[in-house]
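Peer 1: Sending over target-v1.cif (mmCIF, C-alpha atoms).
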```cif
data_query
#
loop_
_atom_site.label_atom_id
_atom_site.label_comp_id
_atom_site.auth_asym_id
_atom_site.auth_seq_id
_atom_site.Cartn_x
_atom_site.Cartn_y
_atom_site.Cartn_z
CA MET A 1 104.12 132.98 118.73
CA ASP A 2 107.66 132.54 119.95
CA PHE A 3 109.71 129.59 118.80
CA THR A 4 113.31 128.66 118.15
CA ILE A 5 114.81 125.72 116.32
CA PRO A 6 116.21 123.29 118.91
CA ASP A 7 119.89 122.39 118.66
CA GLU A 8 119.08 118.73 118.08
CA TYR A 9 117.07 119.71 115.00
CA ARG A 10 119.98 121.75 113.70
CA GLN A 11 122.22 118.71 114.13
CA LEU A 12 119.67 116.55 112.33
CA THR A 13 119.51 119.04 109.47
CA GLU A 14 123.31 118.98 109.27
CA SER A 15 123.16 115.17 108.96
CA ALA A 16 120.68 115.59 106.12
CA ARG A 17 122.98 118.10 104.42
CA ARG A 18 125.95 115.71 104.64
CA PHE A 19 123.85 112.86 103.28
CA ARG A 20 122.66 115.01 100.38
CA GLU A 21 126.18 116.15 99.53
CA THR A 22 127.89 112.76 99.84
CA GLU A 23 125.22 110.39 98.52
CA LEU A 24 122.81 112.41 96.34
CA MET A 25 124.87 115.13 94.68
CA PRO A 26 127.25 112.67 92.93
CA LEU A 27 124.14 111.18 91.29
CA GLU A 28 122.60 114.46 90.17
CA GLN A 29 123.76 114.35 86.55
CA GLN A 30 122.51 110.77 86.26
CA PHE A 31 119.13 111.89 87.56
CA LEU A 32 118.96 114.88 85.22
CA ARG A 33 119.81 112.63 82.28
CA ASP A 34 117.31 109.85 83.14
CA GLY A 35 114.61 111.92 84.83
CA ALA A 36 114.24 109.40 87.64
CA PHE A 37 115.99 107.00 89.97
CA SER A 38 114.99 103.36 89.74
CA PRO A 39 112.89 101.97 92.61
CA GLU A 40 115.88 99.84 93.60
CA LEU A 41 118.20 102.85 93.80
CA ARG A 42 115.67 104.82 95.83
CA THR A 43 115.42 101.97 98.32
CA GLU A 44 119.22 101.74 98.50
CA LEU A 45 119.47 105.48 99.15
CA GLU A 46 116.84 105.30 101.88
CA HIS A 47 118.87 102.65 103.68
CA LYS A 48 122.01 104.74 103.31
CA ALA A 49 120.08 107.63 104.85
CA ARG A 50 119.21 105.33 107.74
CA ARG A 51 122.91 104.93 108.46
CA HIS A 52 123.07 108.74 108.68
CA GLY A 53 120.37 108.66 111.36
CA LEU A 54 117.62 109.67 108.93
CA TRP A 55 114.89 107.12 109.50
CA ALA A 56 111.45 107.22 111.16
CA LEU A 57 112.10 110.83 112.10
CA ASP A 58 108.57 111.98 112.96
CA VAL A 59 107.47 108.61 114.35
CA PRO A 60 106.64 108.80 118.10
CA GLU A 61 109.21 107.15 120.32
CA GLU A 62 106.55 104.78 121.68
CA TYR A 63 106.44 103.24 118.19
CA GLY A 64 110.21 103.00 117.86
CA GLY A 65 110.80 106.25 115.99
CA GLN A 66 112.87 109.33 116.74
CA GLY A 67 109.92 111.51 117.71
CA VAL A 68 111.37 114.69 116.25
CA GLY A 69 107.95 116.08 115.42
CA THR A 70 106.62 117.98 112.44
CA LEU A 71 109.13 120.83 112.62
CA GLY A 72 112.12 118.49 112.62
CA ALA A 73 110.70 116.50 109.71
CA CYS A 74 110.05 119.70 107.74
CA LEU A 75 113.60 120.96 108.33
CA VAL A 76 115.07 117.71 107.03
CA ALA A 77 112.70 117.66 104.04
CA GLU A 78 113.71 121.22 103.20
CA GLU A 79 117.36 120.15 103.09
CA LEU A 80 116.83 116.99 101.05
CA PHE A 81 114.61 118.70 98.49
CA LYS A 82 117.51 120.82 97.36
CA HIS A 83 118.23 117.80 95.16
CA PRO A 84 115.88 117.26 92.19
CA ALA A 85 115.36 113.56 93.00
CA MET A 86 113.23 114.80 95.92
CA LEU A 87 114.04 111.76 98.03
CA GLN A 88 111.71 111.05 100.94
CA LEU A 89 112.98 109.06 103.89
CA GLY A 90 111.99 105.59 104.98
CA GLY A 91 110.40 104.41 108.19
CA SER A 92 107.71 107.11 108.32
CA PRO A 93 104.20 105.69 107.86
CA GLU A 94 101.24 107.63 106.61
CA PRO A 95 99.70 109.26 109.71
CA ILE A 96 96.43 107.46 109.11
CA LEU A 97 98.12 104.16 110.05
CA TYR A 98 98.30 105.21 113.71
CA SER A 99 94.54 104.60 113.71
CA CYS A 100 95.09 100.90 112.98
CA THR A 101 93.86 98.18 115.30
CA ASP A 102 96.53 96.31 117.26
CA GLU A 103 96.47 93.49 114.72
CA GLN A 104 96.71 95.93 111.80
CA LYS A 105 99.65 97.67 113.47
CA LYS A 106 101.52 94.36 113.58
CA ARG A 107 100.81 93.79 109.90
CA TYR A 108 101.29 97.30 108.49
CA LEU A 109 102.44 100.00 110.91
CA TYR A 110 105.39 98.30 112.59
CA PRO A 111 106.81 96.77 109.37
CA THR A 112 106.67 100.26 107.81
CA ILE A 113 108.63 101.74 110.71
CA GLU A 114 111.09 98.89 111.24
CA GLU A 115 111.55 97.39 107.78
CA GLY A 116 110.59 100.12 105.34
CA LEU A 117 107.36 98.56 104.09
CA ARG A 118 105.74 101.15 101.86
CA SER A 119 102.17 102.09 101.10
CA CYS A 120 100.33 104.09 98.48
CA TYR A 121 97.38 106.34 99.22
CA ALA A 122 94.39 105.98 96.90
CA PHE A 123 91.80 108.72 97.11
CA THR A 124 91.75 110.59 93.78
CA GLU A 125 89.47 109.27 91.03
CA PRO A 126 88.86 110.22 87.39
CA ASP A 127 85.87 112.34 88.44
CA THR A 128 86.96 113.63 91.82
CA GLY A 129 89.96 115.12 93.59
CA SER A 130 89.20 117.31 96.59
CA ASP A 131 85.45 116.57 96.65
CA PHE A 132 85.02 113.77 99.18
CA ALA A 133 81.32 113.50 98.40
CA ALA A 134 82.04 112.58 94.77
CA VAL A 135 83.95 109.34 95.49
CA ARG A 136 82.53 106.61 93.25
CA THR A 137 84.64 103.60 94.22
CA THR A 138 82.25 101.43 96.23
CA ALA A 139 82.69 98.98 99.07
CA VAL A 140 79.67 96.71 99.53
CA ARG A 141 79.16 94.25 102.38
CA ARG A 142 79.38 90.59 101.42
CA GLY A 143 79.22 88.14 104.30
CA GLU A 144 81.96 89.00 106.79
CA GLY A 145 83.86 91.14 104.31
CA TRP A 146 83.62 93.77 101.59
CA VAL A 147 83.74 93.92 97.79
CA LEU A 148 85.46 96.93 96.21
CA ASN A 149 84.76 98.24 92.71
CA GLY A 150 86.07 101.39 91.08
CA THR A 151 89.06 103.26 89.66
CA LYS A 152 91.68 105.43 91.36
CA THR A 153 94.02 107.70 89.42
CA PHE A 154 97.20 109.76 89.89
CA ILE A 155 98.28 107.50 92.76
CA SER A 156 101.90 107.93 93.90
CA ASP A 157 104.47 105.40 95.16
CA VAL A 158 102.69 102.39 93.68
CA GLU A 159 105.85 100.88 92.20
CA ARG A 160 107.31 100.11 95.63
CA ALA A 161 104.15 99.73 97.71
CA GLY A 162 103.29 96.59 99.63
CA PHE A 163 99.76 97.72 100.36
CA CYS A 164 97.29 100.43 99.39
CA ILE A 165 95.23 102.73 101.62
CA VAL A 166 91.92 102.88 99.73
CA PHE A 167 88.94 105.19 100.27
CA ALA A 168 85.56 103.92 99.09
CA THR A 169 81.96 104.93 99.58
CA THR A 170 79.97 102.60 101.82
CA ASP A 171 76.87 104.80 101.98
CA PRO A 172 76.52 107.10 98.95
CA ALA A 173 73.51 108.84 100.50
CA LEU A 174 75.78 110.29 103.20
CA GLY A 175 78.20 111.87 100.70
CA ALA A 176 81.57 112.68 102.28
CA LYS A 177 80.43 111.18 105.59
CA GLY A 178 79.71 107.84 103.94
CA ILE A 179 83.35 107.03 103.12
CA THR A 180 85.26 104.10 104.64
CA CYS A 181 88.97 103.30 104.50
CA PHE A 182 90.49 99.90 103.68
CA LEU A 183 94.01 98.44 103.66
CA VAL A 184 94.41 96.35 100.51
CA ASP A 185 97.56 94.31 99.87
CA ILE A 186 99.23 94.63 96.49
CA GLY A 187 98.44 91.42 94.63
CA THR A 188 94.97 90.95 96.11
CA ALA A 189 92.65 89.32 93.57
CA GLY A 190 90.61 91.94 91.75
CA PHE A 191 93.10 94.73 92.52
CA GLU A 192 95.04 95.74 89.41
CA VAL A 193 97.74 98.34 88.83
CA SER A 194 96.29 99.36 85.49
CA ARG A 195 98.90 101.66 84.00
CA PRO A 196 101.49 104.34 84.74
CA ILE A 197 100.49 107.88 83.83
CA PRO A 198 103.27 109.86 82.09
CA THR A 199 103.64 113.41 83.39
CA MET A 200 105.74 116.49 82.63
CA GLY A 201 107.65 116.15 85.92
CA ASP A 202 110.69 114.11 86.86
CA ALA A 203 110.81 111.73 89.83
CA TRP A 204 107.03 111.24 89.95
CA GLU A 205 105.19 108.66 87.88
CA PRO A 206 101.65 108.18 89.19
CA TYR A 207 99.48 105.19 88.40
CA GLU A 208 95.90 104.24 87.72
CA LEU A 209 94.46 101.50 89.94
CA THR A 210 91.40 99.36 89.21
CA PHE A 211 89.24 97.37 91.63
CA ARG A 212 86.98 94.76 90.08
CA ASP A 213 85.06 92.66 92.60
CA CYS A 214 88.06 92.92 94.91
CA GLU A 215 87.21 91.07 98.12
CA VAL A 216 88.73 92.06 101.44
CA GLY A 217 87.92 90.92 104.96
CA ASP A 218 86.45 93.24 107.54
CA GLU A 219 89.80 93.06 109.34
CA GLN A 220 91.14 95.14 106.42
CA ARG A 221 88.84 98.02 107.29
CA LEU A 222 90.71 100.94 108.88
CA GLY A 223 88.59 102.88 111.33
CA PRO A 224 84.81 102.86 111.63
CA VAL A 225 82.37 102.28 108.79
CA ASN A 226 81.52 105.67 107.24
CA GLY A 227 84.24 107.22 109.39
CA ALA A 228 87.06 107.91 106.93
CA TRP A 229 86.24 111.58 106.28
CA LYS A 230 88.04 112.82 109.40
CA LEU A 231 90.91 110.35 108.90
CA ALA A 232 91.45 111.64 105.37
CA ALA A 233 91.17 115.31 106.38
CA ASP A 234 93.81 114.89 109.11
CA GLN A 235 96.04 112.94 106.72
CA LEU A 236 95.83 115.63 104.05
CA THR A 237 96.57 118.38 106.57
CA HIS A 238 99.77 116.61 107.65
CA GLY A 239 100.74 116.16 103.99
CA ARG A 240 100.18 119.83 103.17
CA ALA A 241 102.64 120.96 105.83
CA LYS A 242 105.33 118.62 104.49
CA ILE A 243 104.66 119.56 100.86
CA ALA A 244 105.08 123.21 101.83
CA ALA A 245 108.45 122.34 103.37
CA PHE A 246 109.53 120.64 100.13
CA GLN A 247 109.13 123.95 98.30
CA LEU A 248 111.59 125.70 100.62
CA GLY A 249 114.44 123.41 99.62
CA ILE A 250 113.58 123.62 95.94
CA ALA A 251 113.41 127.42 95.96
CA GLN A 252 116.55 127.83 98.07
CA ARG A 253 118.62 125.66 95.74
CA CYS A 254 117.40 127.54 92.66
CA LEU A 255 118.01 130.91 94.28
CA ASP A 256 121.53 129.91 95.34
CA LEU A 257 122.34 128.81 91.80
CA ALA A 258 120.93 132.03 90.35
CA VAL A 259 122.91 134.24 92.75
CA ASP A 260 126.18 132.46 91.96
CA TRP A 261 125.51 132.67 88.21
CA ALA A 262 124.62 136.37 88.39
CA LYS A 263 128.03 137.04 89.94
CA GLU A 264 129.88 134.92 87.38
CA ARG A 265 128.08 135.63 84.09
CA ARG A 266 129.12 138.80 82.24
CA THR A 267 127.19 140.66 79.55
CA TRP A 268 128.51 143.73 77.74
CA GLY A 269 131.51 143.68 80.04
CA LYS A 270 129.61 143.68 83.34
CA PRO A 271 128.35 140.89 85.60
CA LEU A 272 124.64 140.09 85.49
CA ALA A 273 124.59 141.00 89.18
CA SER A 274 125.02 144.66 88.24
CA ARG A 275 121.76 144.69 86.27
CA GLN A 276 118.79 146.08 88.17
CA ALA A 277 116.36 143.65 86.52
CA ILE A 278 118.39 140.71 87.84
CA GLN A 279 118.74 142.31 91.27
CA TRP A 280 114.98 142.67 91.58
CA MET A 281 114.39 139.05 90.56
CA ILE A 282 116.81 137.93 93.26
CA ALA A 283 115.40 140.30 95.88
CA ASP A 284 111.79 139.27 95.22
CA SER A 285 112.75 135.61 95.36
CA ALA A 286 114.61 136.00 98.66
CA VAL A 287 111.78 137.91 100.32
CA GLU A 288 109.10 135.48 99.15
CA LEU A 289 111.20 132.51 100.25
CA ASP A 290 111.63 134.00 103.73
CA ALA A 291 107.89 134.63 103.98
CA ALA A 292 107.10 131.05 102.94
CA ARG A 293 109.62 129.68 105.42
CA LEU A 294 107.93 131.53 108.28
CA LEU A 295 104.51 130.19 107.27
CA VAL A 296 105.82 126.63 107.08
CA TYR A 297 107.73 126.78 110.34
CA ARG A 298 104.70 128.30 112.08
CA ALA A 299 102.42 125.49 110.90
CA ALA A 300 104.96 122.85 111.96
CA TRP A 301 105.51 124.52 115.35
CA MET A 302 101.75 124.66 115.92
CA ALA A 303 101.41 120.97 115.06
CA ASP A 304 104.10 120.05 117.58
CA ALA A 305 102.33 122.19 120.19
CA GLY A 306 99.15 120.17 119.63
CA GLU A 307 97.24 123.01 117.97
CA ASP A 308 94.80 122.70 115.08
CA ILE A 309 96.78 123.46 111.91
CA HIS A 310 94.13 123.05 109.20
CA HIS A 311 94.06 126.79 108.45
CA ALA A 312 97.84 127.23 108.88
CA ALA A 313 98.57 124.27 106.59
CA TYR A 314 96.30 125.67 103.86
CA ALA A 315 98.12 129.00 104.03
CA ALA A 316 101.60 127.46 104.11
CA LYS A 317 101.03 125.14 101.16
CA LEU A 318 99.20 127.77 99.10
CA TYR A 319 101.93 130.37 99.47
CA ALA A 320 104.94 128.04 99.38
CA THR A 321 103.92 126.18 96.22
CA GLU A 322 103.17 129.38 94.31
CA MET A 323 106.37 130.95 95.64
CA ALA A 324 108.43 127.99 94.41
CA GLN A 325 106.90 128.31 90.95
CA ARG A 326 107.87 131.96 90.77
CA VAL A 327 111.39 131.42 92.13
CA THR A 328 112.19 128.53 89.79
CA ASP A 329 110.89 130.59 86.85
CA ARG A 330 113.00 133.63 87.75
CA SER A 331 116.07 131.47 88.32
CA LEU A 332 115.66 129.82 84.93
CA GLN A 333 115.28 133.27 83.34
CA ILE A 334 118.50 134.48 84.96
CA PHE A 335 120.37 131.51 83.48
CA GLY A 336 118.78 131.95 80.07
CA GLY A 337 119.21 129.01 77.69
CA LEU A 338 121.55 127.21 80.08
CA GLY A 339 118.80 127.08 82.69
CA TYR A 340 116.50 125.44 80.15
CA SER A 341 119.02 122.68 79.52
CA ARG A 342 119.22 119.36 81.34
CA GLU A 343 122.73 120.21 82.45
CA LEU A 344 121.24 122.12 85.39
CA PRO A 345 118.54 121.05 87.87
CA ILE A 346 116.51 124.25 87.55
CA GLN A 347 114.46 122.98 84.60
CA SER A 348 113.66 119.82 86.55
CA PHE A 349 112.59 121.77 89.63
CA TYR A 350 110.54 124.11 87.41
CA ARG A 351 108.55 121.21 86.01
CA GLN A 352 108.22 119.32 89.26
CA VAL A 353 106.92 122.15 91.44
CA ARG A 354 103.93 122.57 89.15
CA VAL A 355 102.22 119.47 90.50
CA TRP A 356 102.24 120.70 94.10
CA ARG A 357 99.78 123.46 93.22
CA ILE A 358 97.38 120.61 92.40
CA GLY A 359 98.15 117.67 94.70
CA HIS A 360 96.68 117.52 98.23
CA GLY A 361 94.17 120.16 97.20
CA THR A 362 94.54 122.79 94.50
CA SER A 363 95.51 126.38 95.21
CA GLU A 364 91.93 127.35 94.42
CA ILE A 365 90.57 124.91 97.01
CA HIS A 366 92.97 126.32 99.60
CA ARG A 367 91.88 129.89 98.87
CA TRP A 368 88.25 128.83 99.11
CA MET A 369 88.73 127.15 102.48
CA ILE A 370 90.75 130.04 103.90
CA ALA A 371 88.08 132.51 102.79
CA ARG A 372 85.24 130.37 104.20
CA LYS A 373 86.87 130.37 107.61
CA LEU A 374 87.52 134.12 107.61
CA LEU A 375 84.01 134.91 106.39
CA GLY A 376 82.35 132.57 108.87
CA LEU A 377 80.93 130.39 106.09
CA GLY A 378 82.44 127.21 107.49
CA SER A 379 85.26 125.92 109.62
CA GLY A 380 87.78 125.93 106.79
CA ASP A 381 88.88 122.41 107.59
#
```
Show how you would write the structure in this file as structure tokens.
Peer 2:
Amino acid sequence: MDFTIPDEYRQLTESARRFRETELMPLEQQFLRDGAFSPELRTELEHKARRHGLWALDVPEEYGGQGVGTLGACLVAEELFKHPAMLQLGGSPEPILYSCTDEQKKRYLYPTIEEGLRSCYAFTEPDTGSDFAAVRTTAVRRGEGWVLNGTKTFISDVERAGFCIVFATTDPALGAKGITCFLVDIGTAGFEVSRPIPTMGDAWEPYELTFRDCEVGDEQRLGPVNGAWKLAADQLTHGRAKIAAFQLGIAQRCLDLAVDWAKERRTWGKPLASRQAIQWMIADSAVELDAARLLVYRAAWMADAGEDIHHAAYAAKLYATEMAQRVTDRSLQIFGGLGYSRELPIQSFYRQVRVWRIGHGTSEIHRWMIARKLLGLGSGD
């Protein structure tokens, strides 16, 4: 593999850095105090980012986007996630929406790209996460449409969503290959946002969703009947690469803070930086961060080259999320009690990175799939 970061991506990353420093950093203490930005403020910040040229980055040009590809999107995400609000940019639809019919594209895809319409992605249920075959939400034919019943949990971005991408079983006997995808508008009769789910992290408040005799037309079906397994697998693979990129920004910010503090803080008349224990924490963090960065960039580069990245995305997310947990922990330790306080973002990063070892497939699932591929027990995708 031989790749370099194109100059236009470097310029884009510089735009992201300027946006973070001018628009996000002045709000950092407010975020650390409140633990979240309001939905209205997040929307306002997304539109400010648009004026910095940060909108619809990885959307193909044929759809009106910038077409920067996965690597460009990961580089920008890495820069923005140096702020604990972990702001994601507008205008970038879930990849699954490119599978829409022409009529669905007019209703969902293009408004997402052009106007910032947002969606939420509802797969996880109380009794299933990574196991596609265990989905219990049902979609049953009724006349020309479908009736959905079931519960989804830990669903992100509900508070600003205009519609929900819902996975339901249409043929339980087929297991994972009996799942169908539907686009359900927020406010549809029988579709209820049941409750928010409090978590230990900042910036992320997932929700529980309930479907009780929720009727949708067949025009709301995305893709073929019983054909959502591949759509979901491709969607999750794309998400894993981006999640891995998030960890790079988080870890880099924490490491930078720890290095500066080690030079400034003095104990028994000497700077912390002179202590071998601190030096090893910093060295280990730097090496692990570099290793994670190479894994993430490789997966993104492969995606842009049109290669299958299922295996590479598993490896990148597995290593990067666990790396970020270790780096945030070491950085907090270097700061001592100050790092535990809400005056610094490290404690927020420390709590937030924990969820990424669970979401989009747990670390254990990733290890299992990587091993299955290497041992010839399955494709690993």
Peer 1: Expanded to explicit residues, what is the PyMOL selection byres ((chain A and resi 304) around 12) for this file, as a count of residues only?
Peer 2: 25
Peer 1: Taking all atoms listed in the file into account, produce a table as a tab-separated table in which each residue of region 222-278 of chain A with an atom at most 10 Å from an atom of region 348-366 of chain A appears once, together with its shortest atom pair and the distance in Å to one decimal, ordered by chain and rising number.
Peer 2:
```
residue	atom	partner	partner_atom	distance
A:Gln235	CA	A:His360	CA	9.7
A:Leu236	CA	A:His360	CA	6.2
A:Thr237	CA	A:His360	CA	8.4
A:His238	CA	A:His360	CA	10.0
A:Gly239	CA	A:His360	CA	7.2
A:Arg240	CA	A:His360	CA	6.5
A:Ile243	CA	A:Trp356	CA	7.3
A:Ala244	CA	A:Trp356	CA	8.6
A:Phe246	CA	A:Val353	CA	9.2
A:Gln247	CA	A:Val353	CA	7.4
A:Ile250	CA	A:Phe349	CA	6.6
A:Ala251	CA	A:Phe349	CA	8.5
A:Arg253	CA	A:Phe349	CA	9.4
A:Cys254	CA	A:Phe349	CA	8.1
```
Peer 1: Residue by residue, what does the PyMOL selection byres ((chain A and resi 52-55) around 8) grab here? Present the result as a ChimeraX atom specification.
Peer 2: /A:12,15-16,19,48-51,56-57,65-66,89-92
Peer 1: Just C-alpha atoms for this one: save the residues we selected as a CSV table (one decimal), in the coordinates of the input.
Peer 2:
```csv
chain,number,residue,atom,x,y,z
A,12,LEU,CA,119.7,116.6,112.3
A,15,SER,CA,123.2,115.2,109.0
A,16,ALA,CA,120.7,115.6,106.1
A,19,PHE,CA,123.8,112.9,103.3
A,48,LYS,CA,122.0,104.7,103.3
A,49,ALA,CA,120.1,107.6,104.8
A,50,ARG,CA,119.2,105.3,107.7
A,51,ARG,CA,122.9,104.9,108.5
A,56,ALA,CA,111.4,107.2,111.2
A,57,LEU,CA,112.1,110.8,112.1
A,65,GLY,CA,110.8,106.2,116.0
A,66,GLN,CA,112.9,109.3,116.7
A,89,LEU,CA,113.0,109.1,103.9
A,90,GLY,CA,112.0,105.6,105.0
A,91,GLY,CA,110.4,104.4,108.2
A,92,SER,CA,107.7,107.1,108.3
```
Peer 1: Go through A:His47, A:Arg17, A:His311, A:Arg266 one by one, measure the shortest atom-to-atom distance of each to Leu374 (chain A) using only C-alpha atoms, and give the residue with the smallest value.
Peer 2: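 Selected residue with least distance to Leu374 (chain A): A:His311.
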Peer 1: How close does each residue of region 69-126 of chain A get to region 157-165 of chain A, giving the shortest atom pair and distance in Å to one decimal for every residue with an atom at most 8 Å away, counting only C-alpha atoms, sorted by chain and residue number, as JSON lines?
Peer 2:
```
{"residue": "A:Leu117", "atom": "CA", "partner": "A:Gly162", "partner_atom": "CA", "distance": 6.4}
{"residue": "A:Arg118", "atom": "CA", "partner": "A:Ala161", "partner_atom": "CA", "distance": 4.7}
{"residue": "A:Ser119", "atom": "CA", "partner": "A:Ala161", "partner_atom": "CA", "distance": 4.6}
{"residue": "A:Cys120", "atom": "CA", "partner": "A:Cys164", "partner_atom": "CA", "distance": 4.8}
{"residue": "A:Tyr121", "atom": "CA", "partner": "A:Ile165", "partner_atom": "CA", "distance": 4.8}
{"residue": "A:Ala122", "atom": "CA", "partner": "A:Ile165", "partner_atom": "CA", "distance": 5.8}
```
Peer 1: Do you have the CA of Val140 (chain A)-CA of Tyr108 (chain A) distance handy?
Peer 2: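 Between CA of Val140 (chain A) and CA of Tyr108 (chain A) the gap is 23.4 Å.
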Peer 1: Considering all atoms listed in the file, can you say which of A:Ala258, A:Ile155, A:Ala286, A:Ile179 comes closest to Tyr207 (chain A)?
Peer 2: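 Result for the nearest residue to Tyr207 (chain A): A:Ile155.
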Peer 1: Smallest atom-to-atom distance to Ile282 (chain A): which of A:Ala315, A:Arg195, A:Gln333, A:Pro111, using all atoms listed in the file?
Peer 2: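 Between A:Ala315, A:Arg195, A:Gln333, A:Pro111, the residue approaching Ile282 (chain A) most closely is A:Gln333.
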Peer 1: Determine the residue set returned by the PyMOL selection byres ((chain A and resi 96) around 9) for the present structure, and present it as a CSV table (one decimal) with C-alpha atoms, keeping the file's coordinate frame.
Peer 2:
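To be explicit, this is the file written out as out_6.csv:
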```csv
chain,number,residue,atom,x,y,z
A,93,PRO,CA,104.2,105.7,107.9
A,94,GLU,CA,101.2,107.6,106.6
A,95,PRO,CA,99.7,109.3,109.7
A,97,LEU,CA,98.1,104.2,110.0
A,98,TYR,CA,98.3,105.2,113.7
A,99,SER,CA,94.5,104.6,113.7
A,100,CYS,CA,95.1,100.9,113.0
A,165,ILE,CA,95.2,102.7,101.6
A,222,LEU,CA,90.7,100.9,108.9
A,231,LEU,CA,90.9,110.4,108.9
A,232,ALA,CA,91.4,111.6,105.4
A,234,ASP,CA,93.8,114.9,109.1
A,235,GLN,CA,96.0,112.9,106.7
```
Peer 1: Enter the distance from CA of Gly201 (chain A) to CA of Glu125 (chain A), in Å, rounded to one decimal.
Peer 2: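 Separation between CA of Gly201 (chain A) and CA of Glu125 (chain A): 20.1 Å.
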Peer 1: For Ala273 (chain A), please output as number ranges by chain all residues within 12 Å (counting all atoms listed in the file; exclusion window: fewer than 4 positions along the same chain).
Peer 2: A: 258-267, 269, 277-283, 334-335
Peer 1: Tell me, as an NGL selection string, which residues lie within 7 Å of Val216 (chain A), counting all atoms listed in the file; anything in the same chain fewer than 2 positions away does not count.
Peer 2: :A and (145-147 or 214 or 218 or 220)
Peer 1: Rank A:Val193, A:Ala139, A:Val287, A:Ala168 by their smallest atom-to-atom distance to Phe154 (chain A), using all atoms listed in the file, and report the top residue only.
Peer 2: A:Val193
Peer 1: Between CA of Glu208 (chain A) and CA of Gln30 (chain A), what is the distance, to one decimal in Å?
Peer 2: 27.4 Å
